[in-house]
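Asker: First, the structure itself, so that you have it in front of you.
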Amino acid sequence: MTNTQNKTDVILIGAGIMSATLGSLLKELVPDWDITVFERLDNAGEESSNEWNNAGTGHAALCELNYTSEKSDGSIDISKAIKINEQFQLSRQFWSYLVNSNRIRNPRDFIVPLPHMSFVQGEQNVTFLKKRFEALSNNPLFQGMEYFDDHEKMKDLTPLIMEGRTSNEPVAATKIDSGTDVNFGALTRKLFDHLKSKNVEINYKHSVEDIKCTSDGSWELKVRNVDSGTVDLHTAKFVFIGGGGGSLHLLQKSGVPEGKGVGGFPVSGLFMVCNNPDVVARHHAKVYGKAPVGAPPMSVPHLDTRFIDNKESLLFGPFAGFSPKFLKTGSMFDLLRSVKMDNFVTLLAAGVKNASLTKYLMKQVMLKKEQRMETLREFIPNAKSEDWDIVVAGQRVQIIKDTEAGGKGTLQFGTEVVSDDDGSIAALLGASPGASTAVHVMLEVLEKCFPQHMKEWETKIKEMIPSYGVSLAKNPDLFKKIHTSTAQSLDLSEKESVYS
Ligand SMILES: Cc1cc2nc3c(=O)[nH]c(=O)nc-3n(C[C@H](O)[C@H](O)[C@H](O)COP(=O)(O)OP(=O)(O)OC[C@H]3O[C@@H](n4cnc5c(N)ncnc54)[C@H](O)[C@@H]3O)c2cc1C
């Protein structure tokens, strides 16, 4: 075993979309800072950020029904939808800046225009969708959304979904053309290629085993070379733990008080992928439905056209399930290893509170292919078993912590940036809404960890992301301008006529 000491300004753990985004932001803001990346796998974007491991939805709340809840007075709360949409606009602006400045090229490799639709069945859901449509379509961020409940019209839009239904079945849909399919794997790889060209040191097959704070406030990492087994020490003034599902273990190892009492609830995922090109060719949209009763929000079923490996594909899912792994390539002992004295009671409370969810997820894991086909047939009544195969998706580790609102052991479905009080280390926990909002989340890391630099960085941030710090919902003209210009830069412009 060798123990070389290596010093750098910034260490990014993990080569997923989050580290890629933070590294790219830092390289623009402080080009002379030295950045080193450690990734346990042999390439970038191989875990959750990989195109086959997530659903590739550019989450802008255009079709996801779980971002608009019904209030007790029957009205629709659209505040979360506005928030998510505005966050996605930040990503669009940063990606546009990178394309316009030739940092990355060929945006069609990672983002493609694709209508986003919501589809519901049953009287009650139809009423909900109509109210949701009325609430959103008055807002500038959702301009261009259309509502349908006429079977013939809907058959033209989504033949696969409508064929085989009786004409008196209550169904409805909304459609908006400004949606996108994002290949986050391709984007992650492009960003790491760019970082490499800027002399960022990227070490694949290097696993971070331990993190300790040193006497001068820097962080010392024990890094194992996966091939040779040798372990080296690396120190940095700032560390970002972007290990996806692996972040919780690393945060716990760092010993920062902000990581105490936090646990993780791993949710696995499966997609069904269509192997019949004739069926694939008959669908062109992302169509989101409603999650079944008792299911977690991340198992909202959707039928998605995807653009992967220069090919149009059709995926349905994800089917959520339970697996104790924190990463798709992780270990069956991950959950057990995350149980500590400081989170034991929290985890116990979460176990009791979420017994029915755990049971639901366990049951989902046991489903046979034919049972999954039955779920698919709620979307595509005439779906044939031989046209569909099953692929394993990524793991999502949801945060468990004690909160004022939810009490002990509350399961959370969002993401959270956890940083220590001097801002020298930060970790991203949680998985949703995920990669789409990477730019927003990484700006939050900068705000939390580098408050002393934010004033001097503000001009550059606004050059890259003009709506930084501004509510687009309250500035429709700015939104229109930004949406149109980012559509042009990202080669999405054919769909932007609604805003011009
Ligand atoms: C089924 C599913 C569907 C999803 N759908 C969408 C969607 O439609 N739209 C969307 O925006 N988001 C979606 N997401 C969420 C999105 O994929 C994630 O939020 C995002 O990819 C997380 O990026 P990351 O960089 O944090 O993690 P990852 O991409 O998982 O990267 C973390 C990296 O860290 C490495 N690592 C871990 N531990 C260590 C260690 N100790 N040492 C070195 N390296 C380490 C891992 O190998 C991995 O490469 C989905 C996720 C899943 C699972």
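Chain identifiers are assigned as A, B, and so on, following the order in which chains appear in the structure tokens; residues are numbered from 1 within each chain, and ligands are numbered from 1 in order of appearance.
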6 Å from ligand 1 is the threshold here; counting only C-alpha atoms and all ligand atoms, which polymer residues fall inside it? Answer as a ChimeraX atom specification.

Answerer: /A:13-19,38-41,45-49,53-59,206-209,242-244,246,269,318,393-396,431-436

Asker: Suppose we keep C-alpha atoms; can you now write the selection as a compact mmCIF listing (two decimals), in the first residue's frame?

Answerer:
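In the end it all went to again19.txt:
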```txt
# COMPACT_ATOMS: atom_id res chain seq x y z
CA ILE A 13 -16.52 12.64 -5.72
CA GLY A 14 -18.46 10.82 -8.42
CA ALA A 15 -18.71 11.47 -12.15
CA GLY A 16 -22.47 11.90 -12.46
CA ILE A 17 -24.44 14.90 -13.75
CA MET A 18 -24.14 16.74 -10.41
CA SER A 19 -20.33 16.74 -10.23
CA PHE A 38 -12.67 10.44 -8.36
CA GLU A 39 -15.12 7.95 -9.85
CA ARG A 40 -15.30 4.31 -8.80
CA LEU A 41 -16.58 3.11 -12.21
CA GLY A 45 -22.46 8.96 -16.16
CA GLU A 46 -22.67 5.23 -15.52
CA GLU A 47 -24.98 5.23 -12.47
CA SER A 48 -28.30 7.14 -12.15
CA SER A 49 -27.24 9.71 -14.74
CA ASN A 53 -31.02 4.26 -15.70
CA ASN A 54 -33.36 7.27 -15.62
CA ALA A 55 -36.43 8.36 -17.59
CA GLY A 56 -34.76 11.26 -19.40
CA THR A 57 -37.60 13.67 -18.72
CA GLY A 58 -36.63 17.32 -18.77
CA HIS A 59 -38.75 17.91 -15.65
CA HIS A 206 -10.87 5.23 -8.07
CA SER A 207 -13.14 4.72 -5.09
CA VAL A 208 -13.20 7.15 -2.17
CA GLU A 209 -13.08 5.04 0.99
CA GLY A 242 -21.63 13.82 -5.67
CA GLY A 243 -21.77 10.07 -5.18
CA GLY A 244 -25.50 9.74 -5.98
CA GLY A 246 -23.29 6.52 -2.43
CA GLY A 269 -36.63 0.79 -10.62
CA PRO A 318 -40.61 2.96 -13.88
CA ALA A 393 -33.07 1.20 -14.02
CA GLY A 394 -31.05 3.12 -11.42
CA GLN A 395 -31.47 3.24 -7.65
CA ARG A 396 -32.95 6.27 -5.87
CA ALA A 431 -33.03 11.97 -6.04
CA SER A 432 -35.98 13.99 -7.21
CA PRO A 433 -36.68 15.95 -9.42
CA GLY A 434 -33.10 15.09 -10.16
CA ALA A 435 -30.87 15.68 -13.10
CA SER A 436 -33.18 18.26 -14.74
```

Asker: Using DSSP on the backbone coordinates, identify all residues within range 88-231 of chain A classified as strand (DSSP E or B); present the result as JSON, numbers by chain.

Answerer: {"A": [111, 112, 113, 116, 117, 118, 119, 120, 121, 146, 147, 148, 171, 172, 173, 174, 175, 176, 180, 181, 182, 201, 202, 203, 206, 207, 208, 209, 210, 211, 212, 213, 219, 220, 221, 222, 223, 224, 225, 231]}

Asker: List as a count of residues only the protein and nucleic acid residues near Asn199 in chain A, meaning an atom at most 9 Å away when only C-alpha atoms are counted, but skip any in the same chain fewer than 3 places from it.

Answerer: 5

Asker: Quick one: distance from CA of Ala438 in chain A to CA of Leu303 in chain A in Å, one decimal?

Answerer: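 CA of Ala438 in chain A sits 23.6 Å away from CA of Leu303 in chain A.
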
Asker: CA of Lys481 in chain A and CA of Phe192 in chain A are how many Å apart?

Answerer: 29.4 Å

Asker: Contacts of Pro266 in chain A at 8 Å or less, counting only C-alpha atoms, minus same-chain residues fewer than 5 places along, as a PyMOL selection string?

Answerer: chain A and resi 322-326+335+395-398

Asker: Please identify which residues in range 153-246 of chain A DSSP calls helix (DSSP H, G or I) from the backbone, and express them as a ChimeraX atom specification.

Answerer: /A:153-157,159-162,184-197,244-246

Asker: Tell me which of A:Gln452, A:Gln488, A:Thr375, A:Thr36 sits closest to Phe316 in chain A, counting only C-alpha atoms.

Answerer: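 Looking at the shortest contact to Phe316 in chain A, the residue is A:Thr375.
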
Asker: Quick one: distance from CA of Val120 in chain A to CA of Ala173 in chain A in Å, one decimal?

Answerer: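 Distance reported for this atom pair: 6.4 Å.
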
Asker: Might you pull out every residue within 8 Å of Ile211 in chain A, with only C-alpha atoms counted and same-chain residues fewer than 3 positions away left off, and present them as JSON, numbers by chain?

Answerer: {"A": [208, 219, 220, 221, 222, 250, 253, 254]}

Asker: Print the selection's residues with C-alpha atoms to a file, as a PDB file, in the first residue's frame.

Answerer:
```
ATOM      1  CA  VAL A 208     -13.202   7.154  -2.168  1.00  0.00           C
ATOM      2  CA  TRP A 219     -10.317  17.444   3.884  1.00  0.00           C
ATOM      3  CA  GLU A 220      -8.195  14.333   3.496  1.00  0.00           C
ATOM      4  CA  LEU A 221      -9.567  11.548   1.325  1.00  0.00           C
ATOM      5  CA  LYS A 222      -8.444   7.958   1.260  1.00  0.00           C
ATOM      6  CA  LEU A 250     -19.433   9.282   2.504  1.00  0.00           C
ATOM      7  CA  LYS A 253     -17.682   9.063   7.142  1.00  0.00           C
ATOM      8  CA  SER A 254     -16.886  12.780   7.073  1.00  0.00           C
TER       9      SER A 254
END
```

Asker: Find the spatial neighbours of Ser471 in chain A, counting only C-alpha atoms, within a cut-off of 12 Å - ignore same-chain residues fewer than 3 positions away - and output them as a list in words.

Answerer: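 The neighbour list is Ile82, Lys83, Ile84, Asn85, Glu86, Gln87, Gln89, Leu90, Pro140, Leu141, Pro466, Ser467, Tyr468, Lys474, Asn475, Pro476, Asp477, Leu478 and Phe479 of chain A.
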
Asker: Please provide the set of residues having any atom within 9 Å of Ile176 in chain A, restricted to only C-alpha atoms, with same-chain residues fewer than 6 positions apart removed, written as a ChimeraX atom specification.

Answerer: /A:62-63,114-117,142-146

Asker: Keeping only N, CA and C atoms, write the selected residues to a file as an mmCIF file, in the first residue's frame.

Answerer:
```cif
data_model
loop_
_atom_site.group_PDB
_atom_site.id
_atom_site.type_symbol
_atom_site.label_atom_id
_atom_site.label_comp_id
_atom_site.auth_asym_id
_atom_site.auth_seq_id
_atom_site.Cartn_x
_atom_site.Cartn_y
_atom_site.Cartn_z
ATOM 1 N N LEU A 62 -44.513 20.052 -16.856
ATOM 2 C CA LEU A 62 -45.464 20.215 -17.953
ATOM 3 C C LEU A 62 -46.470 19.066 -17.977
ATOM 4 N N CYS A 63 -46.075 17.910 -17.409
ATOM 5 C CA CYS A 63 -46.953 16.737 -17.502
ATOM 6 C C CYS A 63 -47.027 15.923 -16.214
ATOM 7 N N LEU A 114 -39.839 17.203 -27.456
ATOM 8 C CA LEU A 114 -40.798 16.091 -27.411
ATOM 9 C C LEU A 114 -42.038 16.543 -26.642
ATOM 10 N N PRO A 115 -43.244 16.405 -27.231
ATOM 11 C CA PRO A 115 -44.441 16.820 -26.493
ATOM 12 C C PRO A 115 -44.540 16.107 -25.144
ATOM 13 N N HIS A 116 -44.960 16.856 -24.145
ATOM 14 C CA HIS A 116 -45.228 16.269 -22.828
ATOM 15 C C HIS A 116 -46.740 16.212 -22.646
ATOM 16 N N MET A 117 -47.235 15.053 -22.272
ATOM 17 C CA MET A 117 -48.687 14.888 -22.092
ATOM 18 C C MET A 117 -48.998 14.297 -20.717
ATOM 19 N N PHE A 142 -46.541 27.982 -18.761
ATOM 20 C CA PHE A 142 -47.200 26.789 -19.301
ATOM 21 C C PHE A 142 -48.022 27.130 -20.547
ATOM 22 N N GLN A 143 -47.682 28.248 -21.164
ATOM 23 C CA GLN A 143 -48.406 28.697 -22.351
ATOM 24 C C GLN A 143 -48.299 27.655 -23.461
ATOM 25 N N GLY A 144 -49.413 27.445 -24.147
ATOM 26 C CA GLY A 144 -49.392 26.481 -25.249
ATOM 27 C C GLY A 144 -49.944 25.120 -24.849
ATOM 28 N N MET A 145 -50.325 24.954 -23.565
ATOM 29 C CA MET A 145 -50.872 23.669 -23.133
ATOM 30 C C MET A 145 -52.299 23.513 -23.683
ATOM 31 N N GLU A 146 -52.615 22.310 -24.160
ATOM 32 C CA GLU A 146 -53.965 22.059 -24.685
ATOM 33 C C GLU A 146 -54.618 20.940 -23.888
#
```

Asker: Taking only residues of range 151-239 of chain A that have an atom at most 10 Å from an atom of range 125-129 of chain A, what is each one's shortest atom pair and its distance in Å to one decimal, using only C-alpha atoms, in chain and number order, as a tab-separated table?

Answerer:
```
residue	atom	partner	partner_atom	distance
A:Pro170	CA	A:Val126	CA	7.0
A:Val171	CA	A:Val126	CA	6.2
A:Ala172	CA	A:Val126	CA	5.6
A:Ala173	CA	A:Leu129	CA	7.5
A:Thr174	CA	A:Leu129	CA	7.8
```

Asker: My list of candidates is A:Ala295, A:Leu490, A:Ala236, A:Ile111. Which is closest to Lys363 in chain A when distances are computed with only C-alpha atoms?

Answerer: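 Among A:Ala295, A:Leu490, A:Ala236, A:Ile111, it is A:Ala295 that comes nearest to Lys363 in chain A.
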
Asker: Return the single residue from A:Ser215, A:Ser338, A:Thr358, A:Ser489 that is closest to Asn102 in chain A, with distances computed using only C-alpha atoms.

Answerer: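 Result for the nearest residue to Asn102 in chain A: A:Ser489.
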
Asker: Find, counting only C-alpha atoms, the residue in A:Asn354, A:Lys212, A:Tyr147, A:Thr305 that gets nearest to Gln412 in chain A.

Answerer: A:Asn354
